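Participant: One structure, pasted below without further comment.
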Amino acid sequence: INAEYMGLSLNDFIRTKTTLTGTKHSCGQGGCGVCTVVAAFVGIDGKTKYISLNSCLRPIAACDGMHITTTEGLGCSTKGYHPIQERISDYSATQCGFCTPGFVMTMAEVLFNNPSPPAEVVERAMASNLCRCTGYRSILEAMKSFCPDFHPLPPCRQKELSPHLESLELCKGPVSKEKIFGPNVIPLQQVRPPPFYSANGVSWYTPTTLQELDQLIVSNPSATLMVGNTSQGIYRTIQQSIIDIRYIPELALSYIHTSGVLIGAATTISDLIELLQKAVQSYNPVGFPQLIEVLNHIAHPSVKNVGSVGGNLMMCHQHQTAPNAFQSDVTTAFMTFQAQLLITTASTKQSNTLSVEEFLDTDMTGKYIQSIYITYPTSTSIYRAYRTSSRRVNAYSLGSAGMWVDRTGTTVTSAVIVIGCMGARPTRMKATEAQMKGISCTNEAAFHNLFPTLLKEVPIPNDSHATYRRNLACSFLYKFFLNLQPNLSARLQRAALSWLPRDLSNGSQAFQPHPEEYPVGQAVPKIEAKQQASGELQYIDDIPLPGGAVFAAFVEATQANCSVVSIDPSAALAMPGVSGFLSAKDIQAPYNNSWTVDADGAGVVSNRPIFADTLVSYYGQPVGMVLADTWTNALIAASLVKVTYSTPTAPVIISVDQAIAAKSFWNIQGLTTLHVGDPENVIKTCPNVIQGSITVPHQIHFHLEPQSCLAVPKDQNYVDLYSATQLPGPISATVANAIGTSVNKVNVIVARCGGGYGGKLTNSALPACASAVAARLLKRPIKLIMPFSQNNAILGKRHEMRCDYTVGTDANGKLKAVLLDVYANGGYGFSDGLGSIMSFVYNVDNCYNCANWSVKTNMCKTNLPPNTAMRGPGWVPAIFVMEHIMNHMARVIKMDEVNFRTLNLYKAGDFTPSGDQLLTWTIPDILSQLYQSADYQKRVADIATFNQSNLWNKRHMSVVPAKFGVQYNPGLSVLVNIYPDGTVNLTHGGSEIGQGINTKAVQMCAFELGCDMSLVSVTPTNTFVNNAPYELTGGSTTSELVCLGVINACQELNKRLDPFRKTGIKWLDLVTAAIGANVHLSYKGYSQAPPPPQGKFNYASYLGCITEVEVDILTGETNIVRSDIVFDCGYSLSPLVDIGQIEGGFVQGLGYYMFEELQWDSNGKCLTANTWDLKPPSALDIPATLNLTLLANNPNKYGVMSSKATGEPPLLASGSGLFACEGAIQYSLQERGKLPPGSYVGITPPSIPPAVQTLASVQTSEFVFN
């Protein structure tokens, strides 16, 4: 390792010291997987190993002797693609593409180790990586296509998976080792790195004996002992002295003995799992299968491949202070097994054996763990482990436990009860253990007497889930005792399981082909898919730095509702590599300290300063910006800037409820409201009236490419702005205003975005304006890449909305009046909330007919960043609120939920409250097909049987129909050029954010011109070409509008080509003839959106969804068993693209309603802004069965070539998952006599385990053994 590289991570090295940019950087915690690479090396045991790892956490010095493979090393466009990259494309398993190389490398490790892997291994491996776009189903199928035990090609896909494949057998089944390894078969030798490196302030030691280690610890008492460095993903520290202990045999090797296993402290968790599996094969020790399952649930494979057992124990030891204690399931398990730790004192070279409890109480200064020994339990022992978290894997535990007893007959002779992840560290419940000794495990009374003792011992943190954790500890003990019953009744057997079982993912996708319009409507892979998989496509941070460029980093305010008294950047400016600091005082006329965006031209906007001048409105608001030679140096320097603040002027307001209590509202004119009929009087006559309130929370966009911008000043005062934005047109105007120039001097260039979902609409203006101002002031290029957690913390999110409702029906259950009071959390800004409120108001009716409506709206002013649009803004909360109301009313009037919905459905020709007539109304067709394809009636009976057969596990199916009113955005421009060689290029005003806009545009262009798709290419959007004032991507209509612009341009070009057409003439000959006659084959089309036929919307996209969920009432854990969707998208312009959009949107919505809990502290600091604290769904959290059908024979005469929007509507049906949880809980409550008929309880999203179990109101007195 060259000295100049010391201090770099492997990711830094790959991205800055080579020309390889396929390996991305995002969360910096090992939590997202975009940085995954494969490392090959010969281990200390002499065996060659292939492991995936997170390059963002791997110090470059720890890679000495390793062969590192990135996705570029597997294959590329010039050398040929790897089978994994090809199958990513063939299975349409990529959208924005930012995460794709990481998935490719995770799969590469699987195939390197086993060319024919079991499907279960592949699914578990895919949990190493996150994807916010696809919904995972297509990725899982692509990867499992290599498995001999899985066949993921349903009939509809076999008909037309890809027009480029002559044999479908090429895209499924195992492939040869030669194809898997390609150029990566390199002879490896066992390497012993040099004993010492030192450069750039970092000292790196590599001892190979315990004696050397002892000496190093004595001489470097502050040094960090390191194996995998995964702790940096949670506890970021500056490491100056590191001792790499991987090469010491006593620490790195583990052994299976006849009486137990000896685990070297440097053994990785993956190697520990393998060791335990071998021990099970040889000796089948009691409890080891359960211990293996515990280890399978923690972290993810790429972390476990390098994270060590000793390191995990030491993190638990070092971090025992709430709320930042490390919740170690490994420590909990080892404590339960009464493992013995060999602890060595370096100065004396003496070793002592300690229990885990003794270890946690020991001062480890100058000491280290050498090994851990676990003795095999006796044959009379029973061990069980329990763990509940917000996500199935790679999520810290909300609570865990390890429980072990020895018995004589049914009498407990000894017990170990360990409760973990509830206090500062795992704790043995010694009083409970003592009380258990001697009791019969079948004695219910003795069992119930344990709970007062247990609850006195359980360490409960003072947080929002404290009550849940107390209940959870009791549920764990109950589950354990169920396992001790000699003849457990069938009704309780599933409750005894440690966690809910989940089947391997599967599903089907069906659509109607329209070959007469090919390539439009043809099931082709995305045109960029293979190059996304190979890492060849550039995102903003992949663009090589121009000469003289520097990096920028924001300085964030650490208080809210106060004034800036002073800013002292001196410590930052003294740091080597730092070249400047900017704040509000540096932005003087003609510059403007503003990133205010008028996205729709309405002129109703709230001012947003680039840097806070005097008033700091919200925590994290930028108060300045540091400029430095590297991204890392800029971030470090930003943390050194000292800012002093005044005392807060008023209490910080965070939530809608707080704003209502404080009467804190934005005083703005023109908020959309609705009043139809006479709801105030009609409600008085209704025999059935309900009242309630439901809050739909914020959601973080979680696009894996953070906000990114590169501003390059050019001559004549031009600025080229490479921006990851969905708003190229408005951003050019906003930036021009910020730098005090005209719009024709700012060229916004957008090749693609690594996800957006609305987060790169107005949010993208802040980094764009800040970098452009700095570039003009300093006259040098500025690259601003906001760190992932900063991106999530200090920028706007989906609007939190509260709705207070009063609803009435007649005696038969027909809706008669709906009165709503709606409150939206605007944050410290209201501009983006106007559209969300409007969408809420005009879509809240969903699919239900009611003659009398009142919708009043309010915009709350809070001390949060200005909230913004997120996928389905307004639509998503509106449909959830209405479906919540429908469930509430159905329960109160004791009517079946499906029948109540059916009774109140619109009919074709009805008018909605927004004034739109339902000229096309396919919901009845959708539901009819859905009930049949989902086998609804049979499954209703099956669920009833399941619920009667299980006391504590309940299932429910929820049916949600949805109507998404589609309103076209202003038009987009499309330039189409035909070249002499017959190739075609187009540039459009949309932003490719993963929605397949380029693929649809190419398909449309090829169809209109009559040429082959392979001849058509797309170049990046840029506002010097695409200069319509409101070129934006949002509202799910951009692909349609671009295609409309393509049609417009191609029709004009066809007029120019028509004089040269002859029967049978080939495309190239036609072009040659026209150009030979000096015909100009370039035209810029414009997609002037047609007005709505009447009312507010051009048309509506419709869908229906049935979701089945199983709930563990005792723990609150949920499992999405199955989802069936029928979607009316007219005639799809590109079926595989639209299927991906529907599945991805649906799973993103499941994350919103079921997984993603956001939290703030009292000062407005977002506590859930990174991958450690926020848990969107992983590949193992999606519906185990996901079936999707595109409704056939239903062209949309109001859409482009009969198509409909697909990007946002699927989220409307995602609430079906939460409602299914709700139904399961209500069944349990009714069965247990806790919910009288006619009563209703609802879940406020998300339905995470604490919310579910708390609503289920479980009491220990209900715990029975039969």
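Chain identifiers are assigned as A, B, and so on, following the order in which chains appear in the structure tokens; residues are numbered from 1 within each chain, and ligands are numbered from 1 in order of appearance.
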Residues of segment 969-1132 of chain A classed as strand (DSSP E) by DSSP on the backbone are to be reported as number ranges by chain.
Facilitator: A: 973-978, 984-988, 1016-1018, 1021-1022, 1082-1086, 1099-1112, 1118-1128
Participant: For Ile700 of chain A, find every residue with an atom within 8 Å (counting only C-alpha atoms), except residues of its own chain fewer than 3 positions away, and show them as a PDB file with all heavy atoms, in the first residue's frame.
Facilitator:
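As a result, around00.pdb now contains:
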```
ATOM      1  N   ASN A 792     -30.951  13.574   4.252  1.00  0.00           N
ATOM      2  CA  ASN A 792     -32.221  13.141   4.827  1.00  0.00           C
ATOM      3  C   ASN A 792     -32.666  14.008   5.994  1.00  0.00           C
ATOM      4  O   ASN A 792     -33.866  14.105   6.274  1.00  0.00           O
ATOM      5  CB  ASN A 792     -32.113  11.689   5.294  1.00  0.00           C
ATOM      6  CG  ASN A 792     -31.912  10.726   4.145  1.00  0.00           C
ATOM      7  OD1 ASN A 792     -32.321  10.996   3.024  1.00  0.00           O
ATOM      8  ND2 ASN A 792     -31.271   9.599   4.415  1.00  0.00           N
ATOM      9  N   LYS A 797     -39.346  16.656   3.536  1.00  0.00           N
ATOM     10  CA  LYS A 797     -39.843  15.288   3.419  1.00  0.00           C
ATOM     11  C   LYS A 797     -41.309  15.328   2.981  1.00  0.00           C
ATOM     12  O   LYS A 797     -41.868  16.405   2.763  1.00  0.00           O
ATOM     13  CB  LYS A 797     -39.693  14.588   4.766  1.00  0.00           C
ATOM     14  CG  LYS A 797     -38.253  14.571   5.263  1.00  0.00           C
ATOM     15  CD  LYS A 797     -38.151  14.408   6.769  1.00  0.00           C
ATOM     16  CE  LYS A 797     -36.712  14.509   7.234  1.00  0.00           C
ATOM     17  NZ  LYS A 797     -36.136  15.846   7.023  1.00  0.00           N
ATOM     18  N   ARG A 798     -41.915  14.163   2.873  1.00  0.00           N
ATOM     19  CA  ARG A 798     -43.349  14.116   2.627  1.00  0.00           C
ATOM     20  C   ARG A 798     -44.072  14.865   3.738  1.00  0.00           C
ATOM     21  O   ARG A 798     -43.697  14.759   4.906  1.00  0.00           O
ATOM     22  CB  ARG A 798     -43.832  12.664   2.566  1.00  0.00           C
ATOM     23  CG  ARG A 798     -45.307  12.546   2.180  1.00  0.00           C
ATOM     24  CD  ARG A 798     -45.830  11.117   2.319  1.00  0.00           C
ATOM     25  NE  ARG A 798     -45.223  10.160   1.438  1.00  0.00           N
ATOM     26  CZ  ARG A 798     -45.549   9.976   0.166  1.00  0.00           C
ATOM     27  NH1 ARG A 798     -46.483  10.748  -0.378  1.00  0.00           N
ATOM     28  NH2 ARG A 798     -44.948   9.063  -0.566  1.00  0.00           N
TER      29      ARG A 798
END
```
Participant: Nearest to Gly1045 of chain A among A:Pro1091, A:Val976, A:Arg1232, A:Tyr376, with distances taken over only C-alpha atoms: which residue is it?
Facilitator: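 Among the listed residues, A:Val976 lies closest to Gly1045 of chain A.
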Participant: Nearest residue to Leu1212 of chain A out of A:Ala890, A:Ala768, A:Met882, A:Leu1174, using only C-alpha atoms?
Facilitator: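 Of all the options, A:Met882 lies closest to Leu1212 of chain A.
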Participant: Considering only C-alpha atoms, can you say which of A:Ser1216, A:Thr673, A:Gln1094, A:Ser617 comes closest to Lys861 of chain A?
Facilitator: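 That would be A:Ser617, the residue with the smallest distance to Lys861 of chain A.
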Participant: For segment 221-231 of chain A, list every protein, DNA or RNA residue within 7 Å, evaluated using only C-alpha atoms, and leave out those in the same chain fewer than 4 positions away; present the list as a PyMOL selection string.
Facilitator: chain A and resi 57-58+217+235+241-246+266+303+306-308+366
Participant: Work out how far apart atom CA of Val959 of chain A and atom CA of Phe1219 of chain A are and give it in Å to one decimal.
Facilitator: 8.6 Å
Participant: Could you list, as an mmCIF file with N, CA, C and O atoms, in the first residue's frame, every residue within 9 Å of Val616 of chain A, counting only C-alpha atoms and ignoring same-chain residues fewer than 3 positions away?
Facilitator:
```cif
data_model
loop_
_atom_site.group_PDB
_atom_site.id
_atom_site.type_symbol
_atom_site.label_atom_id
_atom_site.label_comp_id
_atom_site.auth_asym_id
_atom_site.auth_seq_id
_atom_site.Cartn_x
_atom_site.Cartn_y
_atom_site.Cartn_z
ATOM 1 N N ALA A 557 -26.781 24.431 11.209
ATOM 2 C CA ALA A 557 -27.176 24.997 12.495
ATOM 3 C C ALA A 557 -27.519 23.877 13.466
ATOM 4 O O ALA A 557 -28.112 22.867 13.088
ATOM 5 N N GLN A 559 -29.135 24.586 16.416
ATOM 6 C CA GLN A 559 -30.283 25.033 17.195
ATOM 7 C C GLN A 559 -31.351 25.514 16.233
ATOM 8 O O GLN A 559 -31.094 25.720 15.042
ATOM 9 N N ALA A 560 -32.543 25.679 16.728
ATOM 10 C CA ALA A 560 -33.657 26.160 15.907
ATOM 11 C C ALA A 560 -34.381 27.289 16.622
ATOM 12 O O ALA A 560 -34.276 27.449 17.841
ATOM 13 N N ASN A 561 -35.088 28.072 15.821
ATOM 14 C CA ASN A 561 -35.886 29.164 16.387
ATOM 15 C C ASN A 561 -35.028 30.154 17.170
ATOM 16 O O ASN A 561 -35.364 30.547 18.280
ATOM 17 N N CYS A 562 -33.906 30.525 16.584
ATOM 18 C CA CYS A 562 -32.978 31.432 17.272
ATOM 19 C C CYS A 562 -32.268 32.275 16.229
ATOM 20 O O CYS A 562 -32.539 32.176 15.028
ATOM 21 N N SER A 563 -31.365 33.101 16.693
ATOM 22 C CA SER A 563 -30.579 33.946 15.798
ATOM 23 C C SER A 563 -29.118 33.539 15.839
ATOM 24 O O SER A 563 -28.628 33.030 16.856
ATOM 25 N N VAL A 564 -28.427 33.768 14.725
ATOM 26 C CA VAL A 564 -26.980 33.558 14.682
ATOM 27 C C VAL A 564 -26.309 34.785 15.278
ATOM 28 O O VAL A 564 -26.505 35.907 14.809
ATOM 29 N N ALA A 612 -28.562 30.801 6.389
ATOM 30 C CA ALA A 612 -29.276 31.588 7.383
ATOM 31 C C ALA A 612 -28.488 32.857 7.680
ATOM 32 O O ALA A 612 -27.274 32.798 7.909
ATOM 33 N N ASP A 613 -29.171 33.972 7.654
ATOM 34 C CA ASP A 613 -28.499 35.245 7.908
ATOM 35 C C ASP A 613 -28.555 35.564 9.400
ATOM 36 O O ASP A 613 -27.576 35.420 10.126
ATOM 37 N N TYR A 619 -33.462 23.187 12.754
ATOM 38 C CA TYR A 619 -32.211 22.484 13.028
ATOM 39 C C TYR A 619 -31.637 21.975 11.705
ATOM 40 O O TYR A 619 -32.336 21.394 10.891
ATOM 41 N N GLY A 620 -30.342 22.199 11.524
ATOM 42 C CA GLY A 620 -29.681 21.747 10.314
ATOM 43 C C GLY A 620 -29.673 22.751 9.193
ATOM 44 O O GLY A 620 -29.028 22.525 8.159
ATOM 45 N N GLN A 621 -30.376 23.865 9.350
ATOM 46 C CA GLN A 621 -30.389 24.877 8.288
ATOM 47 C C GLN A 621 -28.956 25.342 8.021
ATOM 48 O O GLN A 621 -28.212 25.675 8.955
ATOM 49 N N PRO A 622 -28.520 25.375 6.757
ATOM 50 C CA PRO A 622 -27.148 25.805 6.480
ATOM 51 C C PRO A 622 -26.901 27.242 6.918
ATOM 52 O O PRO A 622 -27.711 28.132 6.640
ATOM 53 N N VAL A 623 -25.791 27.432 7.625
ATOM 54 C CA VAL A 623 -25.380 28.785 8.005
ATOM 55 C C VAL A 623 -24.112 29.201 7.269
ATOM 56 O O VAL A 623 -23.666 30.339 7.381
ATOM 57 N N TYR A 645 -25.315 31.029 19.069
ATOM 58 C CA TYR A 645 -26.713 31.349 18.809
ATOM 59 C C TYR A 645 -27.295 32.107 19.997
ATOM 60 O O TYR A 645 -26.815 32.015 21.127
#
```
Participant: Could you work out how far atom CA of Gly754 of chain A lies from atom CA of Val393 of chain A, giving the answer in Å with one decimal?
Facilitator: 24.1 Å
Participant: Of the candidates A:Ile923, A:Gly915, A:Ser693, A:Leu761, which shows the shortest atom-to-atom distance to Thr1244 of chain A, using only C-alpha atoms?
Facilitator: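 Answer, going by the shortest atom-to-atom distance: A:Ser693.
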Participant: Atom CA of Ala908 of chain A and atom CA of Glu516 of chain A, how far apart in Å?
Facilitator: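 A separation of 29.4 Å between them.
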Participant: Quick one: pick out all helix (DSSP H, G or I) residues within segment 393-465 of chain A from a backbone DSSP run and write them as number ranges by chain.
Facilitator: A: 430-436, 444-448, 450-457
Participant: Can you write just those residues out, N, CA and C atoms, as a short mmCIF file (atom, residue, chain, number, x, y, z; two decimals), in the first residue's frame?
Facilitator:
```
data_model
loop_
_atom_site.label_atom_id
_atom_site.label_comp_id
_atom_site.auth_asym_id
_atom_site.auth_seq_id
_atom_site.Cartn_x
_atom_site.Cartn_y
_atom_site.Cartn_z
N LYS A 430 -31.48 -12.58 37.14
CA LYS A 430 -31.06 -13.59 38.11
C LYS A 430 -32.14 -13.91 39.13
N ALA A 431 -32.91 -12.92 39.52
CA ALA A 431 -34.00 -13.22 40.46
C ALA A 431 -35.06 -14.09 39.79
N THR A 432 -35.34 -13.80 38.55
CA THR A 432 -36.29 -14.63 37.80
C THR A 432 -35.75 -16.05 37.65
N GLU A 433 -34.45 -16.16 37.35
CA GLU A 433 -33.84 -17.49 37.22
C GLU A 433 -33.98 -18.28 38.52
N ALA A 434 -33.71 -17.60 39.60
CA ALA A 434 -33.79 -18.29 40.91
C ALA A 434 -35.21 -18.74 41.20
N GLN A 435 -36.17 -17.89 40.86
CA GLN A 435 -37.56 -18.24 41.10
C GLN A 435 -38.03 -19.40 40.21
N MET A 436 -37.43 -19.49 39.03
CA MET A 436 -37.81 -20.58 38.11
C MET A 436 -37.31 -21.94 38.60
N GLU A 444 -49.07 -23.26 35.38
CA GLU A 444 -49.39 -21.90 34.92
C GLU A 444 -49.31 -20.88 36.04
N ALA A 445 -49.77 -21.26 37.21
CA ALA A 445 -49.76 -20.31 38.33
C ALA A 445 -48.33 -19.91 38.69
N ALA A 446 -47.45 -20.90 38.76
CA ALA A 446 -46.04 -20.60 39.06
C ALA A 446 -45.42 -19.75 37.96
N PHE A 447 -45.80 -20.03 36.73
CA PHE A 447 -45.32 -19.24 35.60
C PHE A 447 -45.77 -17.78 35.73
N HIS A 448 -47.02 -17.56 36.02
CA HIS A 448 -47.52 -16.19 36.12
C HIS A 448 -46.88 -15.44 37.29
N LEU A 450 -43.91 -15.37 37.92
CA LEU A 450 -42.58 -14.89 37.51
C LEU A 450 -42.62 -13.44 37.02
N PHE A 451 -43.75 -12.98 36.53
CA PHE A 451 -43.76 -11.69 35.84
C PHE A 451 -43.47 -10.49 36.76
N PRO A 452 -44.01 -10.43 37.97
CA PRO A 452 -43.61 -9.30 38.83
C PRO A 452 -42.11 -9.24 39.06
N THR A 453 -41.51 -10.41 39.22
CA THR A 453 -40.06 -10.47 39.41
C THR A 453 -39.33 -10.02 38.15
N LEU A 454 -39.76 -10.54 37.02
CA LEU A 454 -39.12 -10.19 35.75
C LEU A 454 -39.20 -8.69 35.49
N LEU A 455 -40.36 -8.10 35.70
CA LEU A 455 -40.53 -6.69 35.36
C LEU A 455 -39.73 -5.78 36.29
N LYS A 456 -39.43 -6.26 37.48
CA LYS A 456 -38.55 -5.48 38.36
C LYS A 456 -37.12 -5.49 37.86
N GLU A 457 -36.74 -6.55 37.13
CA GLU A 457 -35.35 -6.70 36.69
C GLU A 457 -35.08 -6.14 35.30
#
```
Participant: Taking only C-alpha atoms into account, produce a table as JSON lines in which each residue of segment 1125-1174 of chain A with an atom at most 12 Å from an atom of segment 132-137 of chain A appears once, together with its shortest atom pair and the distance in Å to one decimal, ordered by chain and rising number.
Facilitator:
```
{"residue": "A:Leu1136", "atom": "CA", "partner": "A:Thr134", "partner_atom": "CA", "distance": 11.2}
{"residue": "A:Val1137", "atom": "CA", "partner": "A:Thr134", "partner_atom": "CA", "distance": 9.9}
{"residue": "A:Asp1138", "atom": "CA", "partner": "A:Thr134", "partner_atom": "CA", "distance": 10.7}
{"residue": "A:Ile1139", "atom": "CA", "partner": "A:Thr134", "partner_atom": "CA", "distance": 9.3}
{"residue": "A:Gly1140", "atom": "CA", "partner": "A:Thr134", "partner_atom": "CA", "distance": 5.7}
{"residue": "A:Gln1141", "atom": "CA", "partner": "A:Thr134", "partner_atom": "CA", "distance": 6.9}
{"residue": "A:Ile1142", "atom": "CA", "partner": "A:Thr134", "partner_atom": "CA", "distance": 8.6}
{"residue": "A:Glu1143", "atom": "CA", "partner": "A:Gly135", "partner_atom": "CA", "distance": 5.5}
{"residue": "A:Gly1144", "atom": "CA", "partner": "A:Gly135", "partner_atom": "CA", "distance": 4.0}
{"residue": "A:Gly1145", "atom": "CA", "partner": "A:Cys133", "partner_atom": "CA", "distance": 7.2}
{"residue": "A:Phe1146", "atom": "CA", "partner": "A:Gly135", "partner_atom": "CA", "distance": 7.3}
{"residue": "A:Val1147", "atom": "CA", "partner": "A:Gly135", "partner_atom": "CA", "distance": 5.1}
{"residue": "A:Gln1148", "atom": "CA", "partner": "A:Arg132", "partner_atom": "CA", "distance": 6.7}
{"residue": "A:Gly1149", "atom": "CA", "partner": "A:Gly135", "partner_atom": "CA", "distance": 9.9}
{"residue": "A:Leu1150", "atom": "CA", "partner": "A:Gly135", "partner_atom": "CA", "distance": 9.7}
{"residue": "A:Gly1151", "atom": "CA", "partner": "A:Arg132", "partner_atom": "CA", "distance": 9.6}
{"residue": "A:Tyr1152", "atom": "CA", "partner": "A:Arg132", "partner_atom": "CA", "distance": 11.6}
```
Participant: Output the selection as an mmCIF file, in the first residue's frame - C-alpha atoms for each residue.
Facilitator:
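File produced: part_17.cif:
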```cif
data_model
loop_
_atom_site.group_PDB
_atom_site.id
_atom_site.type_symbol
_atom_site.label_atom_id
_atom_site.label_comp_id
_atom_site.auth_asym_id
_atom_site.auth_seq_id
_atom_site.Cartn_x
_atom_site.Cartn_y
_atom_site.Cartn_z
ATOM 1 C CA LEU A 1136 -41.454 -4.362 -18.122
ATOM 2 C CA VAL A 1137 -40.784 -0.724 -17.243
ATOM 3 C CA ASP A 1138 -44.345 -0.212 -16.020
ATOM 4 C CA ILE A 1139 -44.347 -3.460 -14.046
ATOM 5 C CA GLY A 1140 -41.175 -2.281 -12.328
ATOM 6 C CA GLN A 1141 -42.736 1.089 -11.562
ATOM 7 C CA ILE A 1142 -45.838 -0.516 -10.078
ATOM 8 C CA GLU A 1143 -43.962 -3.040 -7.944
ATOM 9 C CA GLY A 1144 -41.403 -0.482 -6.815
ATOM 10 C CA GLY A 1145 -43.998 2.110 -5.915
ATOM 11 C CA PHE A 1146 -46.067 -0.451 -4.053
ATOM 12 C CA VAL A 1147 -43.116 -1.613 -1.933
ATOM 13 C CA GLN A 1148 -42.065 1.989 -1.283
ATOM 14 C CA GLY A 1149 -45.579 2.552 0.024
ATOM 15 C CA LEU A 1150 -45.353 -0.548 2.207
ATOM 16 C CA GLY A 1151 -42.230 1.003 3.699
ATOM 17 C CA TYR A 1152 -44.140 4.174 4.457
#
```
Participant: Which is closest to Ser138 of chain A among A:Leu276, A:Ala584, A:Met126, A:Ile419, if we use only C-alpha atoms?
Facilitator: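 Distance minimum relative to Ser138 of chain A lands on A:Met126.
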Participant: Neighbours of segment 713-726 of chain A within 6 Å (only C-alpha atoms; same-chain residues fewer than 3 positions away dropped), as a PyMOL selection string?
Facilitator: chain A and resi 708-710+745-750+753+760-761+764+991+1032-1033
Participant: Which residue, A:Asn791, A:Gln937, A:Asn950, A:Ser1017, has the smallest gap to His703 of chain A when you use only C-alpha atoms?
Facilitator: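 Going through A:Asn791, A:Gln937, A:Asn950, A:Ser1017 one by one, the smallest distance to His703 of chain A is for A:Asn791.
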